[in-house]
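Undergrad: Contents of start21.cif (mmCIF, C-alpha atoms):
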data_model
#
loop_
_atom_site.group_PDB
_atom_site.id
_atom_site.type_symbol
_atom_site.label_atom_id
_atom_site.label_comp_id
_atom_site.auth_asym_id
_atom_site.auth_seq_id
_atom_site.Cartn_x
_atom_site.Cartn_y
_atom_site.Cartn_z
ATOM 1 C CA MET A 413 -25.991 -24.768 64.498
ATOM 2 C CA ILE A 414 -26.507 -28.417 63.571
ATOM 3 C CA SER A 415 -28.234 -30.209 66.426
ATOM 4 C CA ARG A 416 -28.932 -33.676 65.003
ATOM 5 C CA LEU A 417 -26.713 -36.713 64.353
ATOM 6 C CA PHE A 418 -27.456 -39.888 62.417
ATOM 7 C CA VAL A 419 -25.375 -43.006 63.200
ATOM 8 C CA PHE A 420 -25.156 -46.030 60.893
ATOM 9 C CA ALA A 421 -25.169 -49.018 63.267
ATOM 10 C CA ALA A 422 -27.237 -51.716 61.557
ATOM 11 C CA GLY A 423 -24.597 -53.818 59.808
ATOM 12 C CA ARG A 424 -23.516 -57.389 60.484
ATOM 13 C CA GLY A 425 -19.785 -56.784 60.892
ATOM 14 C CA ALA A 426 -18.880 -60.199 59.470
ATOM 15 C CA ARG A 427 -15.148 -59.403 59.258
ATOM 16 C CA LEU A 428 -15.071 -58.950 63.040
ATOM 17 C CA ALA A 429 -16.374 -62.459 63.729
ATOM 18 C CA PRO A 430 -16.337 -64.231 66.139
ATOM 19 C CA LEU A 431 -16.789 -61.056 68.236
ATOM 20 C CA THR A 432 -19.802 -60.026 66.192
ATOM 21 C CA ASP A 433 -21.363 -63.455 66.517
ATOM 22 C CA ARG A 434 -22.187 -62.339 70.062
ATOM 23 C CA VAL A 435 -22.510 -58.552 69.888
ATOM 24 C CA PRO A 436 -23.225 -55.999 67.156
ATOM 25 C CA LYS A 437 -20.200 -54.156 65.796
ATOM 26 C CA PRO A 438 -20.974 -50.825 67.579
ATOM 27 C CA LEU A 439 -20.690 -52.629 70.936
ATOM 28 C CA VAL A 440 -17.271 -54.134 70.239
ATOM 29 C CA MET A 441 -14.929 -52.993 73.005
ATOM 30 C CA VAL A 442 -12.085 -50.612 72.199
ATOM 31 C CA ALA A 443 -9.749 -49.711 75.060
ATOM 32 C CA GLY A 444 -12.352 -50.799 77.587
ATOM 33 C CA LYS A 445 -15.317 -48.971 76.085
ATOM 34 C CA PRO A 446 -17.950 -49.892 73.467
ATOM 35 C CA LEU A 447 -17.156 -48.249 70.150
ATOM 36 C CA ILE A 448 -20.479 -46.420 69.980
ATOM 37 C CA ASP A 449 -19.807 -44.659 73.292
ATOM 38 C CA TYR A 450 -16.973 -42.678 71.721
ATOM 39 C CA HIS A 451 -19.386 -41.343 69.101
ATOM 40 C CA LEU A 452 -22.078 -40.417 71.607
ATOM 41 C CA GLU A 453 -19.540 -38.626 73.805
ATOM 42 C CA ARG A 454 -18.368 -36.742 70.707
ATOM 43 C CA ALA A 455 -21.958 -35.734 69.997
ATOM 44 C CA GLN A 456 -22.332 -34.386 73.518
ATOM 45 C CA ARG A 457 -19.149 -32.304 73.137
ATOM 46 C CA ALA A 458 -20.592 -30.803 69.949
ATOM 47 C CA ASN A 459 -23.819 -29.804 71.738
ATOM 48 C CA ILE A 460 -25.864 -32.230 69.677
ATOM 49 C CA GLN A 461 -29.374 -32.619 71.062
ATOM 50 C CA ASP A 462 -30.936 -35.446 69.044
ATOM 51 C CA VAL A 463 -29.326 -38.654 67.793
ATOM 52 C CA VAL A 464 -30.916 -41.147 65.416
ATOM 53 C CA ILE A 465 -29.319 -44.605 65.367
ATOM 54 C CA ASN A 466 -30.312 -47.168 62.777
ATOM 55 C CA VAL A 467 -30.233 -50.716 64.126
ATOM 56 C CA SER A 468 -30.933 -54.172 62.787
ATOM 57 C CA TYR A 469 -28.427 -56.974 63.472
ATOM 58 C CA LYS A 470 -28.600 -57.614 67.236
ATOM 59 C CA GLY A 471 -30.094 -54.162 67.437
ATOM 60 C CA GLN A 472 -31.811 -54.731 70.763
ATOM 61 C CA GLN A 473 -28.399 -54.953 72.406
ATOM 62 C CA ILE A 474 -27.605 -51.431 71.168
ATOM 63 C CA ILE A 475 -30.981 -50.166 72.359
ATOM 64 C CA ASP A 476 -30.461 -51.751 75.779
ATOM 65 C CA HIS A 477 -26.967 -50.268 76.104
ATOM 66 C CA VAL A 478 -27.674 -46.722 74.913
ATOM 67 C CA GLY A 479 -31.279 -46.423 76.056
ATOM 68 C CA ASP A 480 -32.829 -43.019 75.567
ATOM 69 C CA GLY A 481 -29.401 -41.373 75.605
ATOM 70 C CA ALA A 482 -29.950 -39.454 78.840
ATOM 71 C CA ARG A 483 -26.718 -40.664 80.442
ATOM 72 C CA PHE A 484 -24.851 -39.139 77.499
ATOM 73 C CA GLY A 485 -26.841 -35.920 77.710
ATOM 74 C CA LEU A 486 -28.624 -36.777 74.467
ATOM 75 C CA ASN A 487 -32.063 -37.649 73.176
ATOM 76 C CA VAL A 488 -31.652 -40.911 71.246
ATOM 77 C CA ILE A 489 -34.252 -42.507 69.012
ATOM 78 C CA TYR A 490 -33.934 -45.590 66.837
ATOM 79 C CA SER A 491 -34.684 -46.447 63.249
ATOM 80 C CA ILE A 492 -35.304 -50.180 63.560
ATOM 81 C CA GLU A 493 -34.821 -52.061 60.290
ATOM 82 C CA PRO A 494 -36.533 -55.482 60.101
ATOM 83 C CA LYS A 495 -33.483 -56.652 58.153
ATOM 84 C CA PRO A 496 -30.256 -54.720 57.492
ATOM 85 C CA LEU A 497 -30.585 -52.292 54.627
ATOM 86 C CA GLU A 498 -27.680 -50.869 52.698
ATOM 87 C CA THR A 499 -26.640 -47.290 53.410
ATOM 88 C CA ALA A 500 -29.003 -45.554 50.990
ATOM 89 C CA GLY A 501 -31.947 -47.669 52.071
ATOM 90 C CA GLY A 502 -31.126 -47.217 55.733
ATOM 91 C CA LEU A 503 -30.988 -43.442 55.402
ATOM 92 C CA VAL A 504 -34.289 -43.304 53.524
ATOM 93 C CA PHE A 505 -35.882 -45.648 56.067
ATOM 94 C CA ALA A 506 -34.838 -43.241 58.844
ATOM 95 C CA ARG A 507 -36.035 -40.120 57.009
ATOM 96 C CA GLN A 508 -39.074 -39.656 59.251
ATOM 97 C CA HIS A 509 -36.789 -39.090 62.253
ATOM 98 C CA LEU A 510 -34.465 -36.528 60.643
ATOM 99 C CA GLY A 511 -36.643 -33.428 60.524
ATOM 100 C CA ASP A 512 -35.603 -30.984 57.803
ATOM 101 C CA GLY A 513 -32.267 -29.393 57.100
ATOM 102 C CA ASP A 514 -28.684 -30.361 57.900
ATOM 103 C CA PHE A 515 -27.545 -33.178 60.163
ATOM 104 C CA PHE A 516 -24.246 -34.831 60.982
ATOM 105 C CA LEU A 517 -23.791 -38.427 59.835
ATOM 106 C CA LEU A 518 -21.176 -40.949 60.874
ATOM 107 C CA ASN A 519 -20.503 -44.650 60.578
ATOM 108 C CA ALA A 520 -20.410 -46.479 63.903
ATOM 109 C CA ASP A 521 -17.538 -48.713 62.766
ATOM 110 C CA ILE A 522 -14.860 -46.031 62.802
ATOM 111 C CA TYR A 523 -12.717 -44.593 65.576
ATOM 112 C CA THR A 524 -11.334 -41.079 65.283
ATOM 113 C CA HIS A 525 -10.046 -38.053 67.124
ATOM 114 C CA ILE A 526 -11.918 -35.822 64.683
ATOM 115 C CA GLU A 527 -14.476 -33.662 66.476
ATOM 116 C CA LEU A 528 -17.751 -32.599 64.908
ATOM 117 C CA ALA A 529 -16.764 -28.979 65.510
ATOM 118 C CA GLN A 530 -14.041 -29.451 62.877
ATOM 119 C CA PHE A 531 -16.650 -29.640 60.109
ATOM 120 C CA LYS A 532 -16.540 -26.473 58.002
ATOM 121 C CA LYS A 533 -19.410 -26.808 55.552
ATOM 122 C CA PRO A 534 -19.355 -24.073 52.891
ATOM 123 C CA VAL A 535 -22.397 -21.864 52.670
ATOM 124 C CA GLY A 536 -24.826 -23.170 50.077
ATOM 125 C CA GLN A 537 -23.587 -26.767 50.061
ATOM 126 C CA SER A 538 -26.010 -29.524 51.012
ATOM 127 C CA LEU A 539 -23.515 -32.385 51.226
ATOM 128 C CA HIS A 540 -20.102 -31.971 52.844
ATOM 129 C CA LEU A 541 -17.828 -34.981 53.423
ATOM 130 C CA LEU A 542 -14.803 -35.296 55.673
ATOM 131 C CA MET A 543 -11.894 -36.899 53.880
ATOM 132 C CA VAL A 544 -8.770 -38.475 55.362
ATOM 133 C CA PRO A 545 -5.364 -39.451 53.928
ATOM 134 C CA ASN A 546 -5.590 -42.863 52.307
ATOM 135 C CA PRO A 547 -5.035 -45.683 54.804
ATOM 136 C CA GLU A 548 -3.120 -48.821 53.926
ATOM 137 C CA GLU A 549 -6.313 -50.760 53.174
ATOM 138 C CA GLN A 550 -7.598 -48.031 50.802
ATOM 139 C CA PRO A 551 -4.439 -46.859 48.979
ATOM 140 C CA HIS A 552 -6.195 -45.215 46.025
ATOM 141 C CA GLY A 553 -8.899 -43.363 47.931
ATOM 142 C CA ASN A 554 -12.458 -43.092 46.686
ATOM 143 C CA PHE A 555 -13.087 -39.436 45.823
ATOM 144 C CA ALA A 556 -11.015 -36.601 44.372
ATOM 145 C CA LEU A 557 -10.789 -33.261 46.192
ATOM 146 C CA ASP A 558 -10.002 -30.264 43.993
ATOM 147 C CA LYS A 559 -8.337 -26.986 44.965
ATOM 148 C CA ASN A 560 -11.719 -25.314 45.422
ATOM 149 C CA GLY A 561 -12.838 -27.866 48.005
ATOM 150 C CA MET A 562 -15.245 -29.706 45.705
ATOM 151 C CA LEU A 563 -15.420 -33.481 45.486
ATOM 152 C CA HIS A 564 -15.473 -35.536 42.305
ATOM 153 C CA ASP A 565 -15.517 -39.125 41.215
ATOM 154 C CA ILE A 566 -11.887 -40.220 40.853
ATOM 155 C CA ALA A 567 -12.480 -41.109 37.212
ATOM 156 C CA ALA A 568 -13.866 -37.662 36.426
ATOM 157 C CA ILE A 569 -10.982 -35.351 37.299
ATOM 158 C CA GLU A 570 -7.288 -35.211 38.096
ATOM 159 C CA ALA A 571 -7.099 -34.045 41.678
ATOM 160 C CA SER A 572 -5.905 -35.320 45.022
ATOM 161 C CA ASN A 573 -7.573 -38.612 45.886
ATOM 162 C CA TYR A 574 -8.535 -39.208 49.494
ATOM 163 C CA THR A 575 -10.688 -41.616 51.491
ATOM 164 C CA TYR A 576 -14.150 -40.752 52.761
ATOM 165 C CA SER A 577 -14.004 -40.915 56.560
ATOM 166 C CA GLY A 578 -17.583 -42.078 57.088
ATOM 167 C CA MET A 579 -18.367 -38.648 58.558
ATOM 168 C CA GLY A 580 -20.128 -35.731 56.947
ATOM 169 C CA VAL A 581 -22.783 -33.066 57.001
ATOM 170 C CA TYR A 582 -25.816 -34.215 55.048
ATOM 171 C CA SER A 583 -29.089 -32.518 54.265
ATOM 172 C CA THR A 584 -32.552 -33.966 54.129
ATOM 173 C CA GLU A 585 -32.674 -32.543 50.594
ATOM 174 C CA PHE A 586 -30.037 -35.124 49.679
ATOM 175 C CA VAL A 587 -31.984 -37.905 51.415
ATOM 176 C CA ASP A 588 -35.103 -36.926 49.502
ATOM 177 C CA SER A 589 -33.171 -37.172 46.216
ATOM 178 C CA ILE A 590 -32.541 -40.896 46.722
ATOM 179 C CA ASP A 591 -35.134 -42.166 44.300
ATOM 180 C CA MET A 592 -33.937 -45.475 42.803
ATOM 181 C CA LEU A 593 -34.147 -47.907 45.697
ATOM 182 C CA GLY A 594 -36.765 -50.081 44.047
ATOM 183 C CA TYR A 595 -34.562 -51.082 41.155
ATOM 184 C CA GLY A 596 -32.772 -53.830 43.053
ATOM 185 C CA GLU A 597 -29.259 -53.265 41.704
ATOM 186 C CA PRO A 598 -26.679 -53.254 44.521
ATOM 187 C CA GLU A 599 -25.167 -49.895 43.573
ATOM 188 C CA TYR A 600 -28.564 -48.203 43.932
ATOM 189 C CA GLN A 601 -28.730 -49.390 47.531
ATOM 190 C CA ARG A 602 -25.540 -47.579 48.567
ATOM 191 C CA LEU A 603 -24.909 -43.891 49.166
ATOM 192 C CA PRO A 604 -21.867 -43.477 46.850
ATOM 193 C CA PHE A 605 -24.126 -43.839 43.796
ATOM 194 C CA TYR A 606 -26.100 -40.766 44.891
ATOM 195 C CA MET A 607 -23.015 -38.904 46.110
ATOM 196 C CA ARG A 608 -21.444 -39.248 42.661
ATOM 197 C CA ARG A 609 -24.633 -38.027 41.002
ATOM 198 C CA TRP A 610 -24.504 -34.875 43.116
ATOM 199 C CA MET A 611 -20.764 -34.532 42.454
ATOM 200 C CA ARG A 612 -21.490 -34.338 38.740
ATOM 201 C CA GLU A 613 -23.783 -31.414 39.550
ATOM 202 C CA GLN A 614 -21.080 -29.685 41.644
ATOM 203 C CA ARG A 615 -23.115 -30.131 44.815
ATOM 204 C CA VAL A 616 -20.662 -31.978 47.093
ATOM 205 C CA SER A 617 -17.884 -30.239 48.993
ATOM 206 C CA GLY A 618 -15.107 -31.918 50.934
ATOM 207 C CA GLN A 619 -12.650 -31.184 53.694
ATOM 208 C CA LEU A 620 -9.362 -32.966 54.363
ATOM 209 C CA ILE A 621 -8.758 -33.744 58.022
ATOM 210 C CA ASP A 622 -5.317 -35.069 58.930
ATOM 211 C CA ASP A 623 -6.177 -36.350 62.390
ATOM 212 C CA PHE A 624 -6.220 -39.842 63.865
ATOM 213 C CA TRP A 625 -8.785 -42.030 62.126
ATOM 214 C CA CYS A 626 -9.279 -45.785 61.840
ATOM 215 C CA ASP A 627 -11.796 -47.975 60.051
ATOM 216 C CA VAL A 628 -12.397 -50.672 62.674
ATOM 217 C CA GLY A 629 -13.321 -53.217 60.039
ATOM 218 C CA THR A 630 -11.131 -56.231 60.756
ATOM 219 C CA MET A 631 -9.826 -58.072 63.795
ATOM 220 C CA GLN A 632 -6.270 -56.977 62.976
ATOM 221 C CA ARG A 633 -7.184 -53.269 62.863
ATOM 222 C CA LEU A 634 -9.281 -53.609 66.018
ATOM 223 C CA GLN A 635 -6.363 -55.172 67.888
ATOM 224 C CA GLN A 636 -3.951 -52.523 66.603
ATOM 225 C CA LEU A 637 -6.304 -49.737 67.660
ATOM 226 C CA ASP A 638 -6.853 -51.248 71.098
ATOM 227 C CA THR A 639 -3.096 -51.526 71.640
ATOM 228 C CA PHE A 640 -2.515 -47.960 70.435
ATOM 229 C CA LEU A 641 -5.144 -46.449 72.731
ATOM 230 C CA LYS A 642 -3.886 -48.355 75.787
ATOM 231 C CA GLN A 643 -0.328 -47.061 75.425
#
Would you write the structure of this file as C-alpha cells?
TA:
Amino acid sequence: MISRLFVFAAGRGARLAPLTDRVPKPLVMVAGKPLIDYHLERAQRANIQDVVINVSYKGQQIIDHVGDGARFGLNVIYSIEPKPLETAGGLVFARQHLGDGDFFLLNADIYTHIELAQFKKPVGQSLHLLMVPNPEEQPHGNFALDKNGMLHDIAAIEASNYTYSGMGVYSTEFVDSIDMLGYGEPEYQRLPFYMRRWMREQRVSGQLIDDFWCDVGTMQRLQQLDTFLKQ
C-alpha cells in the first residue's frame, strides 16, 4: 500500500491575481475551504500517513495553515525552496523526504472528485499517470493512451489523446533518473521532458478517469468551480 503523498504547492499562480498577490494558490478559497484542504482530506481517506508539500511563494502561509498535519490525521513535512523551482527541479529538491519506492503525486492547483483509491497502477510500472477527458482549455490533450494502457507522446503514436490530470503514482526510481537539471534549458526543468523519455522506453502507464476534475488555473475557472460546488 502506498503511504506517502507529494504535493506541488510552490508556484506563483500569476493567472489568479489579484487573489494570489495576497495568498499562495493552494490557499485560494473554493466553496468556503482552502484548495489544499481538499487534497489533505483526500489523503486521509486513502490512509496516507506522510505528506510532503513543496513550498516557496508565500510558503510560510501554507506552513502556518497546515502545520504538522495532525488535524488532518497526517504527518506533513515541507520541502522549502528558496525560490520556486520548476516541477522537475522541485521533485529532485524534495527527494530526501520521499524515502524509496512508490508515492502519490498531485498538483495543488486542481480540484477533483477522483480519489487516490481509484489509482490502478499495473504491476511492474514505475510511473502511472491519471488522465482525464480533454477540457476546453486543453482540447488536444498532452499524451496518447493506447489500448494496452501505455502512454506515449502524442507525436509518436496514433491513439486516444487525453489530458494529464496532475495526479499520478511516481517512483523514486523515476526521480533519480532526472539528471539534466544543470543544463538550464526550460524543458529540462519540467517533468514532461522526463516523462516522454520514459514513454519512449515503454515505462509509463496511464489510466483514464472520467470523473469531475478542474484545473483551477484562472479566475474564470475558479469562479465557475465555486458556483458549481455551492449549488
Undergrad: What does the distance between atom CA of A:Ala422 and atom CA of A:Glu493 come to in Å, to one decimal place?
TA: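 Spanning atom CA of A:Ala422 to atom CA of A:Glu493 is a straight-line distance of 7.7 Å.
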Undergrad: Interatomic distance between atom CA of A:Lys445 and atom CA of A:Phe515?
TA: 25.5 Å
Undergrad: Which residues are close to stretch 451-457 of chain A, i.e. within 9 Å by all atoms listed in the file, leaving aside same-chain residues fewer than 4 positions away? Reply as a count of residues only.
TA: 18
Undergrad: Pull out every residue that the PyMOL selection byres ((chain A and resi 469) around 8) matches in the shown coordinates and put them as a list of chain:residue names.
TA: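 In the shown coordinates, the PyMOL selection byres ((chain A and resi 469) around 8) covers A:Ala422, A:Gly423, A:Arg424, A:Pro436, A:Val467, A:Ser468, A:Lys470, A:Gly471, A:Lys495, A:Pro496.
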Undergrad: Between atom CA of A:Pro604 and atom CA of A:Asp627, what is the distance in Å, rounded to a tenth?
TA: 17.2 Å
Undergrad: If we count all atoms listed in the file and set the cut-off at 10 Å, which residues sit around stretch 618-621 of chain A, ignoring sequence neighbours fewer than 5 positions away in its own chain? Please answer as a PyMOL selection string.
TA: chain A and resi 526+530-534+537+539-545+555-558+560-564+574-577+580-581
Undergrad: To verify the selection step, state as a PyMOL selection string which residues the PyMOL selection byres ((chain A and resi 426) around 12) yields on this input.
TA: chain A and resi 423-425+427-437+469+628-631
Undergrad: Just give me the residues with any atom within 12 Å of (-32.4, -35.7, 44.4), file coordinates, counting only C-alpha atoms, written as an MDAnalysis selection string.
TA: chainID A and resid 538:539 583:592 605:611 613 615
Undergrad: Once you count all atoms listed in the file, which residues end up no further than 12 Å from (-38.5, -44.1, 49.1) in the file's frame, shown as a list in words?
TA: Ala500, Gly501, Gly502, Leu503, Val504, Phe505, Ala506, Arg507, Gln508, Val587, Asp588, Ser589, Ile590, Asp591, Met592, Leu593, Gly594, Tyr595, Tyr600 and Gln601 of chain A
Undergrad: Fewer than 5 positions away in the same chain doesn't count, so skip those; otherwise give me all residues within 8 Å of A:Leu439, counting all atoms listed in the file, as number ranges by chain.
TA: A: 446-448, 474
Undergrad: Which one is closest to A:Asn466: A:Ile489, A:Val535, A:Ala421, A:Ala482? Count all atoms listed in the file.
TA: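 Among the listed residues, A:Ala421 lies closest to A:Asn466.
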Undergrad: May I ask which of the residues A:Val616, A:Ala443, A:Thr499, A:Ile414 is the closest one to A:Glu599, counting all atoms listed in the file?
TA: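 Of the candidates, the smallest distance to A:Glu599 is held by A:Thr499.
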Undergrad: Can you fill out stretch 448-459 of chain A with all heavy atoms and hand it back as a PDB file, in the frame of the given file?
TA:
ATOM      1  N   ILE A 448     -19.451 -47.436  70.173  1.00  0.00           N
ATOM      2  CA  ILE A 448     -20.479 -46.420  69.980  1.00  0.00           C
ATOM      3  C   ILE A 448     -20.417 -45.338  71.055  1.00  0.00           C
ATOM      4  O   ILE A 448     -20.818 -44.188  70.821  1.00  0.00           O
ATOM      5  CB  ILE A 448     -21.882 -47.053  69.910  1.00  0.00           C
ATOM      6  CG1 ILE A 448     -22.866 -46.060  69.266  1.00  0.00           C
ATOM      7  CG2 ILE A 448     -22.365 -47.513  71.293  1.00  0.00           C
ATOM      8  CD1 ILE A 448     -24.192 -46.669  68.899  1.00  0.00           C
ATOM      9  N   ASP A 449     -19.884 -45.657  72.227  1.00  0.00           N
ATOM     10  CA  ASP A 449     -19.807 -44.659  73.292  1.00  0.00           C
ATOM     11  C   ASP A 449     -18.929 -43.482  72.891  1.00  0.00           C
ATOM     12  O   ASP A 449     -19.214 -42.333  73.239  1.00  0.00           O
ATOM     13  CB  ASP A 449     -19.268 -45.285  74.579  1.00  0.00           C
ATOM     14  CG  ASP A 449     -20.291 -46.168  75.280  1.00  0.00           C
ATOM     15  OD1 ASP A 449     -21.283 -46.559  74.639  1.00  0.00           O
ATOM     16  OD2 ASP A 449     -20.075 -46.488  76.471  1.00  0.00           O
ATOM     17  N   TYR A 450     -17.854 -43.760  72.163  1.00  0.00           N
ATOM     18  CA  TYR A 450     -16.973 -42.678  71.721  1.00  0.00           C
ATOM     19  C   TYR A 450     -17.742 -41.686  70.839  1.00  0.00           C
ATOM     20  O   TYR A 450     -17.546 -40.472  70.935  1.00  0.00           O
ATOM     21  CB  TYR A 450     -15.780 -43.233  70.953  1.00  0.00           C
ATOM     22  CG  TYR A 450     -14.818 -44.045  71.790  1.00  0.00           C
ATOM     23  CD1 TYR A 450     -14.857 -45.432  71.776  1.00  0.00           C
ATOM     24  CD2 TYR A 450     -13.860 -43.426  72.586  1.00  0.00           C
ATOM     25  CE1 TYR A 450     -13.971 -46.191  72.534  1.00  0.00           C
ATOM     26  CE2 TYR A 450     -12.961 -44.166  73.350  1.00  0.00           C
ATOM     27  CZ  TYR A 450     -13.021 -45.551  73.321  1.00  0.00           C
ATOM     28  OH  TYR A 450     -12.146 -46.303  74.074  1.00  0.00           O
ATOM     29  N   HIS A 451     -18.626 -42.211  69.997  1.00  0.00           N
ATOM     30  CA  HIS A 451     -19.386 -41.343  69.101  1.00  0.00           C
ATOM     31  C   HIS A 451     -20.415 -40.516  69.874  1.00  0.00           C
ATOM     32  O   HIS A 451     -20.621 -39.325  69.587  1.00  0.00           O
ATOM     33  CB  HIS A 451     -20.085 -42.181  68.034  1.00  0.00           C
ATOM     34  CG  HIS A 451     -19.145 -42.983  67.188  1.00  0.00           C
ATOM     35  ND1 HIS A 451     -18.012 -42.448  66.627  1.00  0.00           N
ATOM     36  CD2 HIS A 451     -19.161 -44.294  66.817  1.00  0.00           C
ATOM     37  CE1 HIS A 451     -17.376 -43.374  65.925  1.00  0.00           C
ATOM     38  NE2 HIS A 451     -18.059 -44.504  66.033  1.00  0.00           N
ATOM     39  N   LEU A 452     -21.067 -41.144  70.838  1.00  0.00           N
ATOM     40  CA  LEU A 452     -22.078 -40.417  71.607  1.00  0.00           C
ATOM     41  C   LEU A 452     -21.428 -39.355  72.491  1.00  0.00           C
ATOM     42  O   LEU A 452     -21.983 -38.256  72.668  1.00  0.00           O
ATOM     43  CB  LEU A 452     -22.904 -41.401  72.430  1.00  0.00           C
ATOM     44  CG  LEU A 452     -23.695 -42.413  71.591  1.00  0.00           C
ATOM     45  CD1 LEU A 452     -24.390 -43.419  72.493  1.00  0.00           C
ATOM     46  CD2 LEU A 452     -24.708 -41.729  70.685  1.00  0.00           C
ATOM     47  N   GLU A 453     -20.268 -39.642  73.026  1.00  0.00           N
ATOM     48  CA  GLU A 453     -19.540 -38.626  73.805  1.00  0.00           C
ATOM     49  C   GLU A 453     -19.116 -37.470  72.907  1.00  0.00           C
ATOM     50  O   GLU A 453     -19.139 -36.300  73.318  1.00  0.00           O
ATOM     51  CB  GLU A 453     -18.334 -39.266  74.482  1.00  0.00           C
ATOM     52  CG  GLU A 453     -18.720 -40.227  75.606  1.00  0.00           C
ATOM     53  CD  GLU A 453     -17.570 -41.121  76.040  1.00  0.00           C
ATOM     54  OE1 GLU A 453     -16.464 -40.998  75.454  1.00  0.00           O
ATOM     55  OE2 GLU A 453     -17.772 -41.940  76.957  1.00  0.00           O
ATOM     56  N   ARG A 454     -18.722 -37.788  71.682  1.00  0.00           N
ATOM     57  CA  ARG A 454     -18.368 -36.742  70.707  1.00  0.00           C
ATOM     58  C   ARG A 454     -19.580 -35.868  70.395  1.00  0.00           C
ATOM     59  O   ARG A 454     -19.470 -34.649  70.270  1.00  0.00           O
ATOM     60  CB  ARG A 454     -17.824 -37.396  69.433  1.00  0.00           C
ATOM     61  CG  ARG A 454     -17.453 -36.404  68.331  1.00  0.00           C
ATOM     62  CD  ARG A 454     -16.828 -37.109  67.143  1.00  0.00           C
ATOM     63  NE  ARG A 454     -15.562 -37.725  67.542  1.00  0.00           N
ATOM     64  CZ  ARG A 454     -15.396 -39.029  67.712  1.00  0.00           C
ATOM     65  NH1 ARG A 454     -16.403 -39.864  67.518  1.00  0.00           N
ATOM     66  NH2 ARG A 454     -14.236 -39.512  68.082  1.00  0.00           N
ATOM     67  N   ALA A 455     -20.735 -36.490  70.258  1.00  0.00           N
ATOM     68  CA  ALA A 455     -21.958 -35.734  69.997  1.00  0.00           C
ATOM     69  C   ALA A 455     -22.265 -34.779  71.139  1.00  0.00           C
ATOM     70  O   ALA A 455     -22.650 -33.624  70.925  1.00  0.00           O
ATOM     71  CB  ALA A 455     -23.129 -36.690  69.769  1.00  0.00           C
ATOM     72  N   GLN A 456     -22.080 -35.252  72.355  1.00  0.00           N
ATOM     73  CA  GLN A 456     -22.332 -34.386  73.518  1.00  0.00           C
ATOM     74  C   GLN A 456     -21.389 -33.188  73.505  1.00  0.00           C
ATOM     75  O   GLN A 456     -21.808 -32.049  73.768  1.00  0.00           O
ATOM     76  CB  GLN A 456     -22.164 -35.176  74.803  1.00  0.00           C
ATOM     77  CG  GLN A 456     -22.476 -34.371  76.061  1.00  0.00           C
ATOM     78  CD  GLN A 456     -22.194 -35.154  77.330  1.00  0.00           C
ATOM     79  OE1 GLN A 456     -21.164 -35.820  77.423  1.00  0.00           O
ATOM     80  NE2 GLN A 456     -23.091 -35.084  78.286  1.00  0.00           N
ATOM     81  N   ARG A 457     -20.116 -33.405  73.168  1.00  0.00           N
ATOM     82  CA  ARG A 457     -19.149 -32.304  73.137  1.00  0.00           C
ATOM     83  C   ARG A 457     -19.499 -31.281  72.074  1.00  0.00           C
ATOM     84  O   ARG A 457     -19.129 -30.103  72.188  1.00  0.00           O
ATOM     85  CB  ARG A 457     -17.736 -32.846  72.894  1.00  0.00           C
ATOM     86  CG  ARG A 457     -17.174 -33.638  74.061  1.00  0.00           C
ATOM     87  CD  ARG A 457     -15.673 -33.857  73.914  1.00  0.00           C
ATOM     88  NE  ARG A 457     -15.322 -34.685  72.770  1.00  0.00           N
ATOM     89  CZ  ARG A 457     -15.227 -36.012  72.808  1.00  0.00           C
ATOM     90  NH1 ARG A 457     -15.501 -36.670  73.938  1.00  0.00           N
ATOM     91  NH2 ARG A 457     -14.872 -36.692  71.737  1.00  0.00           N
ATOM     92  N   ALA A 458     -20.208 -31.710  71.035  1.00  0.00           N
ATOM     93  CA  ALA A 458     -20.592 -30.803  69.949  1.00  0.00           C
ATOM     94  C   ALA A 458     -21.958 -30.164  70.190  1.00  0.00           C
ATOM     95  O   ALA A 458     -22.496 -29.515  69.293  1.00  0.00           O
ATOM     96  CB  ALA A 458     -20.594 -31.555  68.626  1.00  0.00           C
ATOM     97  N   ASN A 459     -22.508 -30.361  71.385  1.00  0.00           N
ATOM     98  CA  ASN A 459     -23.819 -29.804  71.738  1.00  0.00           C
ATOM     99  C   ASN A 459     -24.945 -30.329  70.854  1.00  0.00           C
ATOM    100  O   ASN A 459     -25.925 -29.625  70.596  1.00  0.00           O
ATOM    101  CB  ASN A 459     -23.786 -28.271  71.680  1.00  0.00           C
ATOM    102  CG  ASN A 459     -22.844 -27.682  72.716  1.00  0.00           C
ATOM    103  OD1 ASN A 459     -22.839 -28.085  73.877  1.00  0.00           O
ATOM    104  ND2 ASN A 459     -22.024 -26.715  72.295  1.00  0.00           N
TER     105      ASN A 459
END
